[in-house]
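K.L.:
Have a peek at start13.csv (CSV, C-alpha atoms).
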```
chain,number,residue,atom,x,y,z
A,240,MET,CA,19.7,-3.8,35.5
A,241,LYS,CA,17.6,-0.9,36.7
A,242,LEU,CA,16.4,2.5,35.6
A,243,LYS,CA,19.0,5.1,36.4
A,244,GLY,CA,17.9,8.7,36.0
A,245,GLN,CA,16.2,8.8,32.7
A,246,GLY,CA,18.0,5.9,31.2
A,247,ALA,CA,18.3,2.2,32.1
A,248,ASP,CA,21.5,1.1,33.7
A,249,LEU,CA,22.8,-1.6,31.4
A,250,ASP,CA,25.9,-3.7,31.9
A,251,ASP,CA,28.2,-5.1,29.2
A,252,LEU,CA,26.2,-8.3,28.7
A,253,ASP,CA,23.0,-6.3,28.1
A,254,TRP,CA,24.7,-4.1,25.5
A,255,GLN,CA,26.0,-7.2,23.7
A,256,ILE,CA,22.6,-8.9,23.7
A,257,LEU,CA,21.0,-5.7,22.4
A,258,ARG,CA,23.5,-5.5,19.6
A,259,LEU,CA,22.9,-9.1,18.6
A,260,ILE,CA,19.1,-8.8,18.5
A,261,GLN,CA,19.4,-5.5,16.6
A,262,GLU,CA,21.3,-7.4,13.9
A,263,ASP,CA,18.7,-10.2,13.9
A,264,ALA,CA,15.8,-10.3,16.2
A,265,LYS,CA,14.8,-13.8,15.1
A,266,GLN,CA,17.8,-15.4,16.8
A,267,THR,CA,16.9,-17.8,19.6
A,268,TYR,CA,18.0,-17.3,23.2
A,269,THR,CA,20.3,-20.4,22.8
A,270,GLU,CA,21.9,-18.9,19.7
A,271,ILE,CA,22.6,-15.6,21.4
A,272,GLY,CA,23.8,-17.5,24.5
A,273,ASN,CA,26.2,-19.5,22.5
A,274,ARG,CA,27.6,-16.5,20.8
A,275,LEU,CA,28.1,-14.7,24.2
A,276,ASN,CA,29.1,-17.8,26.2
A,277,VAL,CA,26.2,-17.5,28.6
A,278,ALA,CA,23.2,-19.7,29.4
A,279,HIS,CA,20.1,-19.2,27.3
A,280,SER,CA,18.2,-18.6,30.5
A,281,THR,CA,20.4,-15.7,31.3
A,282,VAL,CA,19.7,-14.2,27.8
A,283,TYR,CA,16.0,-14.8,28.4
A,284,ASP,CA,16.1,-13.0,31.8
A,285,ARG,CA,18.0,-10.1,30.4
A,286,ILE,CA,15.7,-9.7,27.4
A,287,GLN,CA,12.6,-9.9,29.6
A,288,LYS,CA,13.9,-7.2,31.9
A,289,MET,CA,14.8,-4.9,28.9
A,290,GLU,CA,11.3,-5.4,27.5
A,291,GLU,CA,9.7,-4.6,30.9
A,292,LEU,CA,11.9,-1.4,31.3
A,293,GLY,CA,10.9,-0.4,27.7
A,294,VAL,CA,14.6,-0.5,26.5
A,295,ILE,CA,13.3,-2.9,23.8
A,296,LYS,CA,10.2,-1.2,22.5
A,297,LYS,CA,9.1,-3.8,20.0
A,298,TYR,CA,10.1,-6.3,17.3
A,299,GLU,CA,8.8,-5.7,13.8
A,300,ALA,CA,9.2,-6.8,10.2
A,301,VAL,CA,10.4,-4.1,7.8
A,302,VAL,CA,8.3,-4.6,4.7
A,303,ASP,CA,9.6,-3.6,1.2
A,304,SER,CA,6.4,-2.0,-0.2
A,305,GLU,CA,7.6,-2.3,-3.8
A,306,LYS,CA,8.2,-6.1,-3.5
A,307,ILE,CA,4.6,-6.6,-2.5
A,308,GLY,CA,3.3,-4.5,-5.3
A,309,ILE,CA,2.4,-1.3,-3.5
A,310,PRO,CA,4.1,1.6,-5.1
A,311,GLN,CA,4.8,4.2,-2.5
A,312,ILE,CA,6.3,7.7,-2.3
A,313,THR,CA,7.7,9.3,0.9
A,314,ALA,CA,7.6,13.0,1.6
A,315,HIS,CA,8.8,15.2,4.4
A,316,MET,CA,6.5,18.0,5.4
A,317,THR,CA,7.5,21.1,7.3
A,318,ILE,CA,4.4,22.6,8.8
A,319,THR,CA,4.4,26.2,10.2
A,320,THR,CA,1.7,26.7,12.7
A,321,ASP,CA,0.3,29.3,15.0
A,322,PRO,CA,2.5,28.6,18.1
A,323,LYS,CA,-0.5,28.2,20.3
A,324,GLU,CA,-1.8,25.4,18.0
A,325,THR,CA,1.5,23.5,17.4
A,326,GLU,CA,0.8,20.8,19.9
A,327,ASN,CA,-2.8,20.3,18.8
A,328,VAL,CA,-1.8,20.0,15.2
A,329,ALA,CA,1.0,17.6,16.0
A,330,LYS,CA,-1.4,15.4,18.0
A,331,LYS,CA,-3.9,15.4,15.1
A,332,LEU,CA,-1.1,14.4,12.7
A,333,GLU,CA,-0.2,11.4,14.9
A,334,LYS,CA,-3.6,9.9,14.2
A,335,PHE,CA,-3.3,9.7,10.4
A,336,GLY,CA,-2.0,6.3,9.2
A,337,GLN,CA,-0.2,7.9,6.3
A,338,VAL,CA,1.9,9.9,8.7
A,339,LEU,CA,4.9,7.8,9.9
A,340,GLU,CA,6.7,10.3,12.0
A,341,VAL,CA,5.8,13.6,13.7
A,342,SER,CA,8.2,15.9,15.6
A,343,THR,CA,8.5,19.5,16.4
A,344,SER,CA,11.7,21.3,15.5
A,345,PHE,CA,13.1,24.8,16.1
A,346,SER,CA,15.4,26.7,13.8
A,347,GLU,CA,14.2,30.3,13.1
A,348,GLU,CA,10.8,29.3,14.2
A,349,LEU,CA,9.0,26.4,15.7
A,350,VAL,CA,7.8,24.0,13.0
A,351,ILE,CA,6.4,20.5,12.8
A,352,ILE,CA,8.3,18.0,10.7
A,353,ALA,CA,6.3,15.0,9.5
A,354,LYS,CA,7.2,12.1,7.3
A,355,VAL,CA,4.3,10.9,5.2
A,356,VAL,CA,3.7,8.2,2.7
A,357,ALA,CA,1.3,7.9,-0.2
A,358,GLN,CA,0.7,5.8,-3.3
A,359,ASP,CA,1.5,8.6,-5.7
A,360,GLN,CA,1.7,12.4,-5.9
A,361,GLY,CA,-2.0,12.8,-6.5
A,362,GLN,CA,-2.9,11.0,-3.3
A,363,LEU,CA,-0.2,12.8,-1.4
A,364,HIS,CA,-1.5,16.2,-2.5
A,365,SER,CA,-5.1,15.2,-1.8
A,366,PHE,CA,-4.3,14.1,1.7
A,367,ILE,CA,-2.4,17.3,2.5
A,368,ALA,CA,-5.1,19.5,0.9
A,369,LYS,CA,-8.1,17.8,2.5
A,370,SER,CA,-6.7,16.6,5.8
A,371,ILE,CA,-3.8,18.8,6.9
A,372,ALA,CA,-4.3,22.3,5.4
A,373,PRO,CA,-7.8,22.6,7.0
A,374,LEU,CA,-6.5,21.9,10.5
A,375,PRO,CA,-6.9,25.0,12.7
A,376,GLY,CA,-3.6,26.8,13.2
A,377,VAL,CA,-1.8,25.5,10.1
A,378,LEU,CA,-0.2,28.6,8.5
A,379,ARG,CA,2.0,27.1,5.8
A,380,ILE,CA,3.2,23.7,4.5
A,381,ARG,CA,6.3,22.9,2.6
A,382,THR,CA,6.6,19.4,1.2
A,383,ALA,CA,9.7,17.7,-0.2
A,384,ILE,CA,9.2,14.4,-2.0
A,385,VAL,CA,12.0,11.9,-1.5
A,386,THR,CA,13.6,11.0,-4.8
A,387,LYS,CA,16.3,8.6,-3.6
A,388,LYS,CA,17.3,7.2,-0.3
A,389,TYR,CA,21.0,7.0,0.4
A,390,LYS,CA,20.7,5.6,3.9
A,391,GLU,CA,17.9,4.6,6.2
A,392,GLU,CA,18.7,3.3,9.6
A,393,ARG,CA,17.3,3.4,13.1
A,394,PHE,CA,19.3,4.1,16.2
A,395,SER,CA,21.8,1.3,16.4
A,396,LEU,CA,24.3,0.3,19.0
A,397,SER,CA,27.1,0.7,16.5
A,398,SER,CA,26.1,4.4,16.3
A,399,ARG,CA,26.4,4.6,20.1
A,400,GLU,CA,29.9,2.9,20.0
A,401,ASN,CA,31.1,5.3,17.3
A,402,LEU,CA,29.9,8.2,19.4
A,403,LEU,CA,31.7,6.9,22.5
A,404,LYS,CA,34.9,6.3,20.5
A,405,LYS,CA,34.8,9.9,19.3
A,406,ARG,CA,34.2,11.2,22.8
A,407,ASN,CA,37.1,9.3,24.2
A,408,ASN,CA,39.4,10.6,21.5
A,409,LEU,CA,38.6,14.2,22.3
B,277,MET,CA,-35.7,22.8,-11.4
B,278,ALA,CA,-33.6,25.8,-10.8
B,279,VAL,CA,-32.0,26.3,-7.4
B,280,SER,CA,-31.5,29.5,-5.5
B,281,SER,CA,-28.1,31.2,-6.1
B,282,SER,CA,-27.8,31.6,-2.3
B,283,ARG,CA,-26.6,28.0,-2.3
B,284,VAL,CA,-23.6,28.9,-4.5
B,285,LEU,CA,-22.9,32.0,-2.4
B,286,ARG,CA,-22.9,30.3,1.0
B,287,SER,CA,-19.9,29.7,3.1
B,288,VAL,CA,-18.8,26.1,3.3
B,289,LEU,CA,-17.2,24.1,6.1
B,290,ARG,CA,-13.5,24.4,6.8
B,291,GLU,CA,-13.0,20.9,5.4
B,292,GLU,CA,-14.7,21.9,2.2
B,293,ALA,CA,-12.9,25.2,1.7
B,294,PHE,CA,-10.4,25.8,-1.2
B,295,TYR,CA,-6.8,25.8,-0.1
B,296,PHE,CA,-4.2,27.4,-2.4
B,297,PHE,CA,-1.0,25.5,-3.1
B,298,THR,CA,1.9,26.4,-5.4
B,299,SER,CA,2.8,22.8,-6.1
B,300,ILE,CA,2.2,19.3,-4.8
B,301,GLY,CA,2.0,19.6,-1.0
B,302,ASN,CA,3.1,23.2,-0.8
B,303,TYR,CA,0.4,25.2,0.9
B,304,THR,CA,0.5,29.0,0.8
B,305,GLY,CA,-1.6,29.5,3.9
B,306,GLN,CA,-4.4,31.0,1.9
B,307,GLY,CA,-7.9,29.5,1.7
B,308,ALA,CA,-11.4,30.5,0.6
B,309,SER,CA,-14.6,29.2,2.0
B,310,SER,CA,-17.0,31.1,-0.3
B,311,LEU,CA,-17.1,32.4,-3.8
B,312,ASP,CA,-16.7,35.9,-2.4
B,313,GLU,CA,-13.6,35.0,-0.5
B,314,PHE,CA,-12.3,33.1,-3.5
B,315,LEU,CA,-12.5,36.2,-5.6
B,316,GLN,CA,-10.5,38.2,-3.0
B,317,LYS,CA,-7.8,35.5,-3.0
B,318,ILE,CA,-7.4,35.6,-6.7
B,319,LYS,CA,-6.0,39.1,-6.3
B,320,ASP,CA,-3.5,38.1,-3.7
B,321,VAL,CA,-2.2,34.6,-4.1
B,322,ASP,CA,1.0,33.7,-5.8
B,323,ILE,CA,0.5,33.5,-9.5
B,324,LYS,CA,2.1,30.0,-9.4
B,325,SER,CA,-0.8,28.9,-7.3
B,326,LEU,CA,-3.4,30.1,-9.8
B,327,GLU,CA,-1.5,28.3,-12.6
B,328,PHE,CA,-1.0,25.1,-10.5
B,329,HIS,CA,-4.7,24.8,-9.7
B,330,LEU,CA,-6.1,25.9,-13.0
B,331,PHE,CA,-4.2,23.2,-15.0
B,332,ARG,CA,-5.0,20.5,-12.4
B,333,GLU,CA,-8.7,21.5,-12.9
B,334,ASP,CA,-9.0,22.1,-9.1
B,335,PHE,CA,-11.0,25.4,-9.5
B,336,GLU,CA,-13.6,23.8,-11.8
B,337,LYS,CA,-14.0,20.8,-9.5
B,338,TRP,CA,-14.4,22.9,-6.3
B,339,ILE,CA,-16.8,25.4,-7.9
B,340,ASP,CA,-18.9,22.7,-9.5
B,341,GLN,CA,-18.8,19.9,-6.9
B,342,THR,CA,-18.6,21.9,-3.7
B,343,LEU,CA,-20.3,25.2,-4.5
B,344,GLY,CA,-22.5,23.8,-7.1
B,345,ASP,CA,-22.1,26.3,-9.9
B,346,ASP,CA,-21.6,24.4,-13.1
B,347,LYS,CA,-21.9,27.5,-15.2
B,348,LEU,CA,-18.9,29.2,-13.6
B,349,ALA,CA,-17.0,25.9,-13.7
B,350,ALA,CA,-17.6,25.7,-17.4
B,351,GLU,CA,-16.3,29.2,-18.0
B,352,ILE,CA,-13.2,28.4,-16.0
B,353,LYS,CA,-12.7,25.3,-18.2
B,354,ILE,CA,-12.8,27.4,-21.3
B,355,LEU,CA,-10.1,29.6,-19.7
B,356,ARG,CA,-8.0,26.5,-18.9
B,357,ASN,CA,-8.2,25.4,-22.5
B,358,GLN,CA,-7.0,28.8,-23.7
B,359,LYS,CA,-3.8,28.1,-21.7
B,360,VAL,CA,-3.6,31.6,-20.2
B,361,VAL,CA,-0.8,32.1,-17.7
B,362,GLY,CA,0.8,34.8,-15.6
B,363,ASN,CA,-1.0,38.1,-14.8
B,364,ALA,CA,-3.2,37.6,-17.7
B,365,LEU,CA,-4.6,34.5,-16.0
B,366,ARG,CA,-5.1,36.4,-12.7
B,367,ASP,CA,-7.0,39.2,-14.6
B,368,ARG,CA,-9.1,36.9,-16.6
B,369,LEU,CA,-10.0,34.7,-13.7
B,370,TYR,CA,-10.9,37.7,-11.6
B,371,PHE,CA,-13.1,39.1,-14.4
B,372,ILE,CA,-14.9,35.8,-14.9
B,373,VAL,CA,-15.6,35.1,-11.2
B,374,SER,CA,-16.5,38.8,-10.4
B,375,ARG,CA,-18.9,38.8,-13.3
B,376,ARG,CA,-20.6,35.6,-12.1
B,377,LEU,CA,-20.7,36.9,-8.6
B,378,LYS,CA,-22.6,40.0,-9.7
B,379,GLU,CA,-24.9,37.9,-11.7
B,380,LEU,CA,-25.6,35.6,-8.7
B,381,LYS,CA,-26.0,38.5,-6.3
B,382,GLY,CA,-28.4,40.2,-8.8
B,383,GLY,CA,-30.7,37.3,-8.2
B,384,SER,CA,-31.3,36.5,-11.8
B,385,ALA,CA,-28.9,33.6,-12.1
B,386,THR,CA,-29.8,30.0,-11.7
B,387,VAL,CA,-27.7,26.9,-11.2
B,388,SER,CA,-28.4,23.3,-12.2
B,389,ALA,CA,-30.4,21.2,-9.6
B,390,SER,CA,-28.3,18.1,-10.5
B,391,SER,CA,-25.2,19.5,-8.8
B,392,PRO,CA,-24.4,17.9,-5.5
B,393,ALA,CA,-23.9,21.2,-3.7
B,394,SER,CA,-27.4,22.4,-4.7
B,395,LYS,CA,-28.9,19.9,-2.3
B,396,GLU,CA,-30.3,21.4,1.0
B,397,ARG,CA,-27.5,21.8,3.5
B,398,PRO,CA,-27.4,23.9,6.7
B,399,GLN,CA,-25.4,27.1,6.6
B,400,SER,CA,-21.9,26.3,7.8
B,401,SER,CA,-19.1,28.2,9.6
B,402,VAL,CA,-16.9,30.5,7.7
B,403,LEU,CA,-13.2,29.6,7.3
B,404,ARG,CA,-11.3,31.8,9.7
B,405,PRO,CA,-7.8,32.8,9.0
B,406,SER,CA,-5.4,30.8,11.2
```
So that I can check it, write out the structure of this file as structure tokens.

P.N.:
Amino acid sequence: MKLKGQGADLDDLDWQILRLIQEDAKQTYTEIGNRLNVAHSTVYDRIQKMEELGVIKKYEAVVDSEKIGIPQITAHMTITTDPKETENVAKKLEKFGQVLEVSTSFSEELVIIAKVVAQDQGQLHSFIAKSIAPLPGVLRIRTAIVTKKYKEERFSLSSRENLLKKRNNL
Amino acid sequence: MAVSSSRVLRSVLREEAFYFFTSIGNYTGQGASSLDEFLQKIKDVDIKSLEFHLFREDFEKWIDQTLGDDKLAAEIKILRNQKVVGNALRDRLYFIVSRRLKELKGGSATVSASSPASKERPQSSVLRPS
């Protein structure tokens, strides 16, 4: 396994290991090895290399905030900025704990899209009014509060396999 | 002890300026860093923004807690209790604030010394349009 161009050059075994640890990152090397008919030391080596190459970025627990008694709302902000200030604003947004994701996006104009969480609408508004609107270069903010989530998934290998199948069928 | 009206008329820091929203998290791009600027914005901002902030008591809080003018804040509270909306709200608010500005600029007005904004603070930068 090595870096090839911008992506890591993974073989079939790497892909299978990745898929298994995406399903459940708490599985032991032995359990993964048993499922793939390889030695646990092989699994260990492959995972170590994928961590070193940054293919596996981190392992984390996904906490259900409601179950630990922290009510939370999520909102998506679209921030229009002076084009000269877009990067500065995005970098400042990165630093706020309430901001979970920041990206720039282009449709009719370049905007910043940010996902933000707060305990309630009052706290959300206060954060935007006191911390984001005053940032130099912010021209306009549109905020949409999430009312119901139908799907929430990160990149998964099953998505990749579906994409490959579609491509092969073309 | 009465405090000089120049404290109320000063420009505040960008972080302390008033930012106009039309609803939760929806910023119009308009802000005011002084009472003078606030008056000008009353003429221009979306009427929904005036209604949104009036009924959330945002105007009263900013004028009292940031600028330090409890008298003007009290007048705006009365307006809020009258539940005025639409262009009538814009006109009334403009009248109340412009009358108070004239009074303050005339030098005869005083504000309460108990207000946090009446404490000595250096003159700060004016909010620049982005």

K.L.:
So that each row is one residue of chain B with an atom at most 12 Å from chain A, can you give its shortest atom pair and the distance in Å to one decimal, using all atoms listed in the file, rows by chain and rising number, as CSV?

P.N.:
```
residue,atom,partner,partner_atom,distance
B:Leu289,CA,A:Pro373,CA,9.6
B:Arg290,CA,A:Pro373,CA,6.0
B:Glu291,CA,A:Pro373,CA,5.7
B:Glu292,CA,A:Lys369,CA,7.8
B:Ala293,CA,A:Pro373,CA,7.8
B:Phe294,CA,A:Ala368,CA,8.5
B:Tyr295,CA,A:Ala368,CA,6.6
B:Phe296,CA,A:Ala368,CA,8.6
B:Phe297,CA,A:Ala368,CA,8.3
B:Thr298,CA,A:Arg381,CA,9.8
B:Ser299,CA,A:His364,CA,8.7
B:Ile300,CA,A:His364,CA,5.3
B:Gly301,CA,A:Thr382,CA,5.1
B:Asn302,CA,A:Arg381,CA,4.7
B:Tyr303,CA,A:Ile380,CA,4.8
B:Thr304,CA,A:Arg379,CA,5.6
B:Gly305,CA,A:Arg379,CA,4.7
B:Gln306,CA,A:Leu378,CA,8.2
B:Gly307,CA,A:Pro373,CA,8.7
B:Ala308,CA,A:Pro373,CA,10.8
B:Ser309,CA,A:Pro373,CA,10.7
B:Phe328,CA,A:His364,CA,12.0
B:His329,CA,A:His364,CA,11.7
B:Arg332,CA,A:Gly361,CA,10.2
B:Asp334,CA,A:Ser365,CA,10.8
B:Trp338,CA,A:Lys369,CA,12.0
B:Leu403,CA,A:Pro373,CA,8.8
B:Arg404,CA,A:Pro375,CA,8.6
B:Pro405,CA,A:Gly376,CA,8.4
B:Ser406,CA,A:Gly376,CA,4.8
```

K.L.:
What is the atom CA of Ala353 of chain A to atom CA of Gln261 of chain A distance in Å?

P.N.:
25.3 Å

K.L.:
Would you compute the distance between atom CA of Ile295 of chain A and atom CA of Lys390 of chain A? Give it in Å to one decimal.

P.N.:
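Taking atom CA of Ile295 of chain A and atom CA of Lys390 of chain A, their separation equals 22.9 Å.
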
K.L.:
Can you measure atom CA of Ser304 of chain A to atom CA of Glu333 of chain A for me? One decimal in Å is fine.

P.N.:
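Computing it gives 21.2 Å between the two atoms.
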
K.L.:
Counting only C-alpha atoms, figure out which residue out of B:Gln358, B:Ser374, B:Gln341, B:Asn363 gets nearest to Val288 of chain B.

P.N.:
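Using only C-alpha atoms, the shortest distance to Val288 of chain B belongs to B:Gln341.
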
K.L.:
Near Gln358 of chain A, within 7 Å and counting all atoms listed in the file, which residues show up once chain neighbours fewer than 3 positions away are dropped, as a list in words?

P.N.:
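Neighbouring residues, sequence-local ones excluded: Pro310, Gln311, Ile312 and Gln362 of chain A.
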
K.L.:
Would you mind telling me which residue in B:Val373, B:Ser282, B:Arg368, B:Val361 lies nearest to Lys324 of chain B when using all atoms listed in the file?

P.N.:
B:Val361

K.L.:
Write out as a list in words which residues come within 9 Å of segment 335-345 of chain A when counting all atoms listed in the file, dropping same-chain ones fewer than 2 positions away.

P.N.:
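So, after excluding close chain neighbours, the residues are Thr325, Glu326, Ala329, Lys330, Lys331, Leu332, Glu333, Glu347, Glu348, Leu349, Val350, Ile351, Ile352, Ala353, Lys354, Val355, Val356, Ala357, Phe366 and Ser370 of chain A.
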
K.L.:
Pick out the closest residue to Leu380 of chain B from this set: B:Lys347, B:Arg366, B:Lys337, B:Lys319. Count only C-alpha atoms.

P.N.:
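Of B:Lys347, B:Arg366, B:Lys337, B:Lys319, the one nearest Leu380 of chain B, counting only C-alpha atoms, is B:Lys347.
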
K.L.:
If we count only C-alpha atoms, what is near segment 251-259 of chain A at a cut-off of 9 Å, once residues fewer than 4 positions away on the same chain are taken out, given as a PDB file with C-alpha atoms, in the coordinates of the input?

P.N.:
```pdb
ATOM      1  CA  MET A 240      19.700  -3.800  35.500  1.00  0.00           C
ATOM      2  CA  ASP A 263      18.700 -10.200  13.900  1.00  0.00           C
ATOM      3  CA  ALA A 264      15.800 -10.300  16.200  1.00  0.00           C
ATOM      4  CA  GLN A 266      17.800 -15.400  16.800  1.00  0.00           C
ATOM      5  CA  ILE A 271      22.600 -15.600  21.400  1.00  0.00           C
ATOM      6  CA  GLY A 272      23.800 -17.500  24.500  1.00  0.00           C
ATOM      7  CA  LEU A 275      28.100 -14.700  24.200  1.00  0.00           C
ATOM      8  CA  VAL A 282      19.700 -14.200  27.800  1.00  0.00           C
ATOM      9  CA  ARG A 285      18.000 -10.100  30.400  1.00  0.00           C
ATOM     10  CA  ILE A 286      15.700  -9.700  27.400  1.00  0.00           C
ATOM     11  CA  MET A 289      14.800  -4.900  28.900  1.00  0.00           C
ATOM     12  CA  ILE A 295      13.300  -2.900  23.800  1.00  0.00           C
ATOM     13  CA  SER A 395      21.800   1.300  16.400  1.00  0.00           C
ATOM     14  CA  LEU A 396      24.300   0.300  19.000  1.00  0.00           C
ATOM     15  CA  SER A 397      27.100   0.700  16.500  1.00  0.00           C
TER      16      SER A 397
END
```
